[in-house]
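Take a look at the structure set out below.
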Amino acid sequence: MSVALKTSPDGAVAHALADAYRRLTGVCEALDVRVAEPGDAAAQEGVPAGELVSDQHVLDAFVDAEAARIEDRYGTAPRRHVAASRALHDYAWTVGLLMGGVWYLERRVPRIRPEDLRLDLASATYVITPGTDLACLPGDPVATLPGVLTLPQEEQLRAALRMAVADHMRPLLAAIGPTARRGARTLWGMVSDDLVSGIWYLGRMLGQEDDALRAATEVLPAPVPPYPSGAGFRHLVGDDGRRHVTRTRAGCCMFYAIRPAEACVTCPRTGDAERLRRLEN
């Protein structure tokens with residue numbers, strides 16, 4: 001995608017990222033994110049994501065808000081560690097899809113800083129202010145702009161994606177881990193799941209599921225520290241011979257603790273027979 005340099009070179013990267021984020025939100029109905037420009041009033045709405053790490057009261061409010069949503073939606077009050085895991089899952093999926101989605105669509109990797117992201121705790125919606133820091137491949141129209149790192153190979157760009165997501169998530173995992181009562185491997189398993197599932201979801205929304213499966217597998221072909229698992233896609237075959245894609249999450253999102261009979265189709269607790277029954281229906 002070309003970048004119109006009517007804006008300053010410093011602002012052209014942010015402009016390009018804003019376009020990419022808007023394309024994502026237009027395609028992905030489940031991605032509840034508003035895109036703000038620097039100076040936009042929306043960029044000051046909600047709680048800065050960095051305060052989840054720096055202010056225990058904000059982190060507690062983050063978990064409390066998720067607990068209230070669960071009770072309102074499902075009629076049951078979740079245990080606190082369940083609410084913390086669900087809130088983290090939503091956050092990790094959003095961040096993973098924002099970064100992984102831009103990579104999938106444009107082969108660019110934005111580095112989202114905590115100060116670039118704000119949350120409305122009551123509604124679980126996000127506002128992102130596009131930054132000026134991204135990585136891309138040679139020949140990209142933004143390659144020569146300030147703040148852009150040009151990487152010579154696709155695998156290096158995928159490594160930059162893994163690193164950008166990990167760098168963003170690491171402080172939050174450390175902060176919320178005690179409340180979620182989960183160890184580092186399980187927490188990073190959730191992040192790897194949400195990075196992979198975000199790309200998978202985007203591919204389905206674009207009618208490009210096979211391409212998205214290949215892309216997500218290239219991002220995480222196997223465990224790559226700190227991610228404890230690869231994409232791990234596989235197929236289940238129904239009685240009619242149709243093949244259905246599935247994978248097993250490495251870090252449970254804890255929905256089973258809210259609706260025990262309705263564990264996610266990719267949950268380790270959901271057997272293949274039940275998965276196939278749901279996928280066929």
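Just remember, in the structure tokens the first chain shown is A, the second B, etc., residues are 1-based per chain, and ligands are 1-based in the order shown.
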Quiz prompt | 8 Å contact set for Leu134 of chain A, only C-alpha atoms, chain neighbours under 4 positions out, as a PyMOL selection string | solution = chain A and resi 13+108-111+147-149
Store the residues picked out above, limited to N, CA and C atoms, as a compact mmCIF listing (two decimals), in the first residue's frame.
# COMPACT_ATOMS: atom_id res chain seq x y z
N VAL A 13 4.11 7.29 8.84
CA VAL A 13 4.02 5.92 9.38
C VAL A 13 2.73 5.77 10.19
N ARG A 108 3.70 -5.78 7.47
CA ARG A 108 4.29 -4.76 8.33
C ARG A 108 4.02 -5.14 9.78
N VAL A 109 4.96 -4.87 10.65
CA VAL A 109 4.79 -5.20 12.07
C VAL A 109 4.84 -3.92 12.88
N PRO A 110 3.69 -3.48 13.39
CA PRO A 110 3.70 -2.31 14.26
C PRO A 110 4.15 -2.69 15.66
N ARG A 111 4.89 -1.83 16.30
CA ARG A 111 5.25 -2.03 17.71
C ARG A 111 4.32 -1.14 18.53
N GLY A 147 11.60 5.88 11.87
CA GLY A 147 10.94 4.93 12.76
C GLY A 147 10.70 3.57 12.16
N VAL A 148 11.12 3.36 10.91
CA VAL A 148 10.86 2.09 10.23
C VAL A 148 12.13 1.26 10.19
N LEU A 149 12.01 0.01 10.63
CA LEU A 149 13.11 -0.96 10.55
C LEU A 149 12.86 -1.86 9.36
Practice problem: Using backbone DSSP assignments, extract all strand (DSSP E or B) residues from segment 39-259 of chain A; output them as a ChimeraX atom specification. | Solution: /A:47-48,108-110,117-120,125-128,134-136,148-150,224,227,234-237,243-246
Would you save the residues of that selection, restricted to N, CA and C atoms, as a PDB file, in the first residue's frame?
ATOM      1  N   VAL A  47      -8.698   4.288  30.093  1.00  0.00           N
ATOM      2  CA  VAL A  47      -7.530   4.109  30.952  1.00  0.00           C
ATOM      3  C   VAL A  47      -6.329   3.722  30.099  1.00  0.00           C
ATOM      4  N   PRO A  48      -5.186   4.379  30.236  1.00  0.00           N
ATOM      5  CA  PRO A  48      -3.994   3.950  29.492  1.00  0.00           C
ATOM      6  C   PRO A  48      -3.613   2.514  29.859  1.00  0.00           C
ATOM      7  N   ARG A 108       3.705  -5.783   7.475  1.00  0.00           N
ATOM      8  CA  ARG A 108       4.289  -4.758   8.326  1.00  0.00           C
ATOM      9  C   ARG A 108       4.017  -5.140   9.776  1.00  0.00           C
ATOM     10  N   VAL A 109       4.960  -4.869  10.649  1.00  0.00           N
ATOM     11  CA  VAL A 109       4.793  -5.203  12.066  1.00  0.00           C
ATOM     12  C   VAL A 109       4.836  -3.921  12.881  1.00  0.00           C
ATOM     13  N   PRO A 110       3.694  -3.480  13.388  1.00  0.00           N
ATOM     14  CA  PRO A 110       3.703  -2.305  14.260  1.00  0.00           C
ATOM     15  C   PRO A 110       4.149  -2.693  15.662  1.00  0.00           C
ATOM     16  N   LEU A 117      -2.362   2.549  23.642  1.00  0.00           N
ATOM     17  CA  LEU A 117      -3.613   1.810  23.778  1.00  0.00           C
ATOM     18  C   LEU A 117      -4.332   2.241  25.048  1.00  0.00           C
ATOM     19  N   ARG A 118      -5.631   2.499  24.915  1.00  0.00           N
ATOM     20  CA  ARG A 118      -6.452   2.878  26.063  1.00  0.00           C
ATOM     21  C   ARG A 118      -7.674   1.971  26.106  1.00  0.00           C
ATOM     22  N   LEU A 119      -8.201   1.741  27.310  1.00  0.00           N
ATOM     23  CA  LEU A 119      -9.310   0.829  27.500  1.00  0.00           C
ATOM     24  C   LEU A 119     -10.467   1.539  28.182  1.00  0.00           C
ATOM     25  N   ASP A 120     -11.676   1.310  27.682  1.00  0.00           N
ATOM     26  CA  ASP A 120     -12.882   1.655  28.421  1.00  0.00           C
ATOM     27  C   ASP A 120     -13.254   0.412  29.212  1.00  0.00           C
ATOM     28  N   THR A 125     -13.975  -1.903  25.419  1.00  0.00           N
ATOM     29  CA  THR A 125     -13.565  -1.410  24.114  1.00  0.00           C
ATOM     30  C   THR A 125     -12.200  -0.736  24.233  1.00  0.00           C
ATOM     31  N   TYR A 126     -11.523  -0.637  23.116  1.00  0.00           N
ATOM     32  CA  TYR A 126     -10.158  -0.123  23.082  1.00  0.00           C
ATOM     33  C   TYR A 126     -10.059   1.047  22.119  1.00  0.00           C
ATOM     34  N   VAL A 127      -9.153   1.948  22.413  1.00  0.00           N
ATOM     35  CA  VAL A 127      -8.803   3.036  21.498  1.00  0.00           C
ATOM     36  C   VAL A 127      -7.303   2.945  21.257  1.00  0.00           C
ATOM     37  N   ILE A 128      -6.906   2.901  20.003  1.00  0.00           N
ATOM     38  CA  ILE A 128      -5.484   2.848  19.677  1.00  0.00           C
ATOM     39  C   ILE A 128      -5.075   4.113  18.925  1.00  0.00           C
ATOM     40  N   LEU A 134       7.581   0.749  13.234  1.00  0.00           N
ATOM     41  CA  LEU A 134       7.182  -0.515  12.611  1.00  0.00           C
ATOM     42  C   LEU A 134       8.354  -1.122  11.863  1.00  0.00           C
ATOM     43  N   ALA A 135       8.200  -2.399  11.552  1.00  0.00           N
ATOM     44  CA  ALA A 135       9.181  -3.122  10.744  1.00  0.00           C
ATOM     45  C   ALA A 135       8.509  -3.557   9.447  1.00  0.00           C
ATOM     46  N   CYS A 136       9.278  -3.631   8.374  1.00  0.00           N
ATOM     47  CA  CYS A 136       8.731  -4.033   7.091  1.00  0.00           C
ATOM     48  C   CYS A 136       9.830  -4.692   6.265  1.00  0.00           C
ATOM     49  N   VAL A 148      11.116   3.362  10.914  1.00  0.00           N
ATOM     50  CA  VAL A 148      10.859   2.094  10.234  1.00  0.00           C
ATOM     51  C   VAL A 148      12.133   1.257  10.192  1.00  0.00           C
ATOM     52  N   LEU A 149      12.010   0.006  10.630  1.00  0.00           N
ATOM     53  CA  LEU A 149      13.109  -0.958  10.553  1.00  0.00           C
ATOM     54  C   LEU A 149      12.864  -1.859   9.361  1.00  0.00           C
ATOM     55  N   THR A 150      13.815  -1.900   8.428  1.00  0.00           N
ATOM     56  CA  THR A 150      13.683  -2.757   7.257  1.00  0.00           C
ATOM     57  C   THR A 150      14.432  -4.053   7.484  1.00  0.00           C
ATOM     58  N   VAL A 224       8.514 -21.387  20.348  1.00  0.00           N
ATOM     59  CA  VAL A 224       9.580 -20.395  20.178  1.00  0.00           C
ATOM     60  C   VAL A 224       9.537 -19.500  21.418  1.00  0.00           C
ATOM     61  N   TYR A 227       7.007 -18.310  23.799  1.00  0.00           N
ATOM     62  CA  TYR A 227       5.772 -19.011  23.450  1.00  0.00           C
ATOM     63  C   TYR A 227       5.970 -20.522  23.608  1.00  0.00           C
ATOM     64  N   ARG A 234      -4.749 -28.891  13.034  1.00  0.00           N
ATOM     65  CA  ARG A 234      -4.976 -30.235  12.513  1.00  0.00           C
ATOM     66  C   ARG A 234      -6.403 -30.308  11.976  1.00  0.00           C
ATOM     67  N   HIS A 235      -6.739 -31.415  11.355  1.00  0.00           N
ATOM     68  CA  HIS A 235      -8.058 -31.572  10.751  1.00  0.00           C
ATOM     69  C   HIS A 235      -8.782 -32.778  11.345  1.00  0.00           C
ATOM     70  N   LEU A 236     -10.077 -32.606  11.529  1.00  0.00           N
ATOM     71  CA  LEU A 236     -10.961 -33.702  11.891  1.00  0.00           C
ATOM     72  C   LEU A 236     -11.842 -34.011  10.684  1.00  0.00           C
ATOM     73  N   VAL A 237     -12.067 -35.281  10.431  1.00  0.00           N
ATOM     74  CA  VAL A 237     -12.824 -35.690   9.245  1.00  0.00           C
ATOM     75  C   VAL A 237     -14.167 -36.252   9.673  1.00  0.00           C
ATOM     76  N   ARG A 243     -13.372 -32.153   5.861  1.00  0.00           N
ATOM     77  CA  ARG A 243     -12.299 -31.877   6.818  1.00  0.00           C
ATOM     78  C   ARG A 243     -12.581 -30.565   7.537  1.00  0.00           C
ATOM     79  N   HIS A 244     -12.430 -30.593   8.850  1.00  0.00           N
ATOM     80  CA  HIS A 244     -12.701 -29.425   9.681  1.00  0.00           C
ATOM     81  C   HIS A 244     -11.437 -29.066  10.455  1.00  0.00           C
ATOM     82  N   VAL A 245     -11.069 -27.795  10.419  1.00  0.00           N
ATOM     83  CA  VAL A 245      -9.841 -27.340  11.086  1.00  0.00           C
ATOM     84  C   VAL A 245     -10.071 -27.205  12.580  1.00  0.00           C
ATOM     85  N   THR A 246      -9.080 -27.617  13.363  1.00  0.00           N
ATOM     86  CA  THR A 246      -9.107 -27.394  14.794  1.00  0.00           C
ATOM     87  C   THR A 246      -7.679 -27.267  15.300  1.00  0.00           C
TER      88      THR A 246
END
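Remark: for Gly96 of chain A, the closest of the candidate residues A:Tyr74, A:Trp200, A:Phe233, A:Phe255 is A:Trp200 (distances computed over only C-alpha atoms).
Once Gln56 of chain A and its same-chain neighbours fewer than 4 positions away are set aside, Gly50, Glu51, Leu52, Asp60, Ala61, Phe62, Val63, Leu172, Ala175, Ile176, Pro178 and Thr179 of chain A remain within 12 Å of it when counting only C-alpha atoms.
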Next, the residues of the selection above should be written as a PDB file, in the first residue's frame with all heavy atoms.
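As a result, part-v1.pdb now contains:
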ATOM      1  N   GLY A  50      -0.843   1.143  30.021  1.00  0.00           N
ATOM      2  CA  GLY A  50       0.309   1.064  30.911  1.00  0.00           C
ATOM      3  C   GLY A  50      -0.059   1.108  32.369  1.00  0.00           C
ATOM      4  O   GLY A  50       0.676   0.591  33.231  1.00  0.00           O
ATOM      5  N   GLU A  51      -1.219   1.691  32.705  1.00  0.00           N
ATOM      6  CA  GLU A  51      -1.624   1.771  34.106  1.00  0.00           C
ATOM      7  C   GLU A  51      -2.078   0.422  34.654  1.00  0.00           C
ATOM      8  O   GLU A  51      -2.165   0.253  35.874  1.00  0.00           O
ATOM      9  CB  GLU A  51      -2.712   2.831  34.279  1.00  0.00           C
ATOM     10  CG  GLU A  51      -2.192   4.251  34.082  1.00  0.00           C
ATOM     11  CD  GLU A  51      -3.209   5.320  34.423  1.00  0.00           C
ATOM     12  OE1 GLU A  51      -4.286   4.969  34.967  1.00  0.00           O
ATOM     13  OE2 GLU A  51      -2.927   6.498  34.147  1.00  0.00           O
ATOM     14  N   LEU A  52      -2.381  -0.525  33.790  1.00  0.00           N
ATOM     15  CA  LEU A  52      -2.687  -1.882  34.272  1.00  0.00           C
ATOM     16  C   LEU A  52      -1.478  -2.479  34.982  1.00  0.00           C
ATOM     17  O   LEU A  52      -1.616  -3.321  35.868  1.00  0.00           O
ATOM     18  CB  LEU A  52      -3.079  -2.775  33.097  1.00  0.00           C
ATOM     19  CG  LEU A  52      -4.364  -2.430  32.355  1.00  0.00           C
ATOM     20  CD1 LEU A  52      -4.497  -3.315  31.126  1.00  0.00           C
ATOM     21  CD2 LEU A  52      -5.574  -2.571  33.262  1.00  0.00           C
ATOM     22  N   ASP A  60      -7.046  -3.906  39.374  1.00  0.00           N
ATOM     23  CA  ASP A  60      -8.210  -4.458  40.079  1.00  0.00           C
ATOM     24  C   ASP A  60      -9.504  -4.058  39.382  1.00  0.00           C
ATOM     25  O   ASP A  60     -10.433  -4.881  39.241  1.00  0.00           O
ATOM     26  CB  ASP A  60      -8.227  -3.966  41.527  1.00  0.00           C
ATOM     27  CG  ASP A  60      -7.127  -4.576  42.385  1.00  0.00           C
ATOM     28  OD1 ASP A  60      -6.564  -5.605  41.969  1.00  0.00           O
ATOM     29  OD2 ASP A  60      -6.831  -4.019  43.456  1.00  0.00           O
ATOM     30  N   ALA A  61      -9.585  -2.804  38.918  1.00  0.00           N
ATOM     31  CA  ALA A  61     -10.786  -2.347  38.208  1.00  0.00           C
ATOM     32  C   ALA A  61     -10.963  -3.093  36.891  1.00  0.00           C
ATOM     33  O   ALA A  61     -12.091  -3.377  36.467  1.00  0.00           O
ATOM     34  CB  ALA A  61     -10.701  -0.845  37.964  1.00  0.00           C
ATOM     35  N   PHE A  62      -9.858  -3.409  36.218  1.00  0.00           N
ATOM     36  CA  PHE A  62      -9.865  -4.189  34.976  1.00  0.00           C
ATOM     37  C   PHE A  62     -10.506  -5.556  35.215  1.00  0.00           C
ATOM     38  O   PHE A  62     -11.376  -6.000  34.458  1.00  0.00           O
ATOM     39  CB  PHE A  62      -8.419  -4.319  34.521  1.00  0.00           C
ATOM     40  CG  PHE A  62      -8.161  -5.141  33.291  1.00  0.00           C
ATOM     41  CD1 PHE A  62      -8.726  -4.821  32.069  1.00  0.00           C
ATOM     42  CD2 PHE A  62      -7.284  -6.225  33.347  1.00  0.00           C
ATOM     43  CE1 PHE A  62      -8.440  -5.563  30.932  1.00  0.00           C
ATOM     44  CE2 PHE A  62      -6.990  -6.967  32.216  1.00  0.00           C
ATOM     45  CZ  PHE A  62      -7.579  -6.647  31.006  1.00  0.00           C
ATOM     46  N   VAL A  63     -10.107  -6.210  36.298  1.00  0.00           N
ATOM     47  CA  VAL A  63     -10.658  -7.524  36.634  1.00  0.00           C
ATOM     48  C   VAL A  63     -12.102  -7.394  37.108  1.00  0.00           C
ATOM     49  O   VAL A  63     -12.971  -8.194  36.735  1.00  0.00           O
ATOM     50  CB  VAL A  63      -9.778  -8.206  37.696  1.00  0.00           C
ATOM     51  CG1 VAL A  63     -10.391  -9.549  38.111  1.00  0.00           C
ATOM     52  CG2 VAL A  63      -8.363  -8.419  37.163  1.00  0.00           C
ATOM     53  N   LEU A 172       2.345  -7.044  31.519  1.00  0.00           N
ATOM     54  CA  LEU A 172       0.993  -7.330  31.979  1.00  0.00           C
ATOM     55  C   LEU A 172       0.889  -8.743  32.538  1.00  0.00           C
ATOM     56  O   LEU A 172       0.211  -8.978  33.549  1.00  0.00           O
ATOM     57  CB  LEU A 172      -0.010  -7.134  30.839  1.00  0.00           C
ATOM     58  CG  LEU A 172      -1.478  -7.390  31.201  1.00  0.00           C
ATOM     59  CD1 LEU A 172      -1.914  -6.514  32.379  1.00  0.00           C
ATOM     60  CD2 LEU A 172      -2.379  -7.157  29.984  1.00  0.00           C
ATOM     61  N   ALA A 175       2.152  -8.649  35.987  1.00  0.00           N
ATOM     62  CA  ALA A 175       1.271  -7.940  36.909  1.00  0.00           C
ATOM     63  C   ALA A 175       0.024  -8.735  37.250  1.00  0.00           C
ATOM     64  O   ALA A 175      -0.423  -8.763  38.405  1.00  0.00           O
ATOM     65  CB  ALA A 175       0.883  -6.582  36.311  1.00  0.00           C
ATOM     66  N   ILE A 176      -0.561  -9.409  36.262  1.00  0.00           N
ATOM     67  CA  ILE A 176      -1.846 -10.068  36.482  1.00  0.00           C
ATOM     68  C   ILE A 176      -1.703 -11.531  36.889  1.00  0.00           C
ATOM     69  O   ILE A 176      -2.657 -12.152  37.372  1.00  0.00           O
ATOM     70  CB  ILE A 176      -2.733  -9.961  35.222  1.00  0.00           C
ATOM     71  CG1 ILE A 176      -4.219 -10.059  35.576  1.00  0.00           C
ATOM     72  CG2 ILE A 176      -2.333 -11.008  34.169  1.00  0.00           C
ATOM     73  CD1 ILE A 176      -5.151  -9.734  34.431  1.00  0.00           C
ATOM     74  N   PRO A 178      -0.423 -13.161  39.511  1.00  0.00           N
ATOM     75  CA  PRO A 178      -0.887 -13.562  40.851  1.00  0.00           C
ATOM     76  C   PRO A 178      -2.409 -13.571  40.979  1.00  0.00           C
ATOM     77  O   PRO A 178      -2.969 -14.442  41.649  1.00  0.00           O
ATOM     78  CB  PRO A 178      -0.248 -12.507  41.763  1.00  0.00           C
ATOM     79  CG  PRO A 178       0.959 -12.044  41.019  1.00  0.00           C
ATOM     80  CD  PRO A 178       0.539 -12.043  39.572  1.00  0.00           C
ATOM     81  N   THR A 179      -3.081 -12.612  40.352  1.00  0.00           N
ATOM     82  CA  THR A 179      -4.544 -12.580  40.428  1.00  0.00           C
ATOM     83  C   THR A 179      -5.149 -13.719  39.622  1.00  0.00           C
ATOM     84  O   THR A 179      -6.126 -14.347  40.037  1.00  0.00           O
ATOM     85  CB  THR A 179      -5.082 -11.229  39.905  1.00  0.00           C
ATOM     86  OG1 THR A 179      -4.465 -10.167  40.628  1.00  0.00           O
ATOM     87  CG2 THR A 179      -6.586 -11.135  40.084  1.00  0.00           C
TER      88      THR A 179
END
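The gap separating atom CA of Ser192 of chain A from atom CA of Ala222 of chain A is 10.7 Å, in Å to one decimal.
Distance check against Met99 of chain A using only C-alpha atoms: of A:Gly46, A:Gly198, A:Pro268, A:Gly139, the minimum falls on A:Gly198.
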Quiz item: Pick the closest to Met163 of chain A from A:Val219, A:Cys252, A:Tyr91, A:Ala12: which is it, counting only C-alpha atoms?
Solution: A:Val219
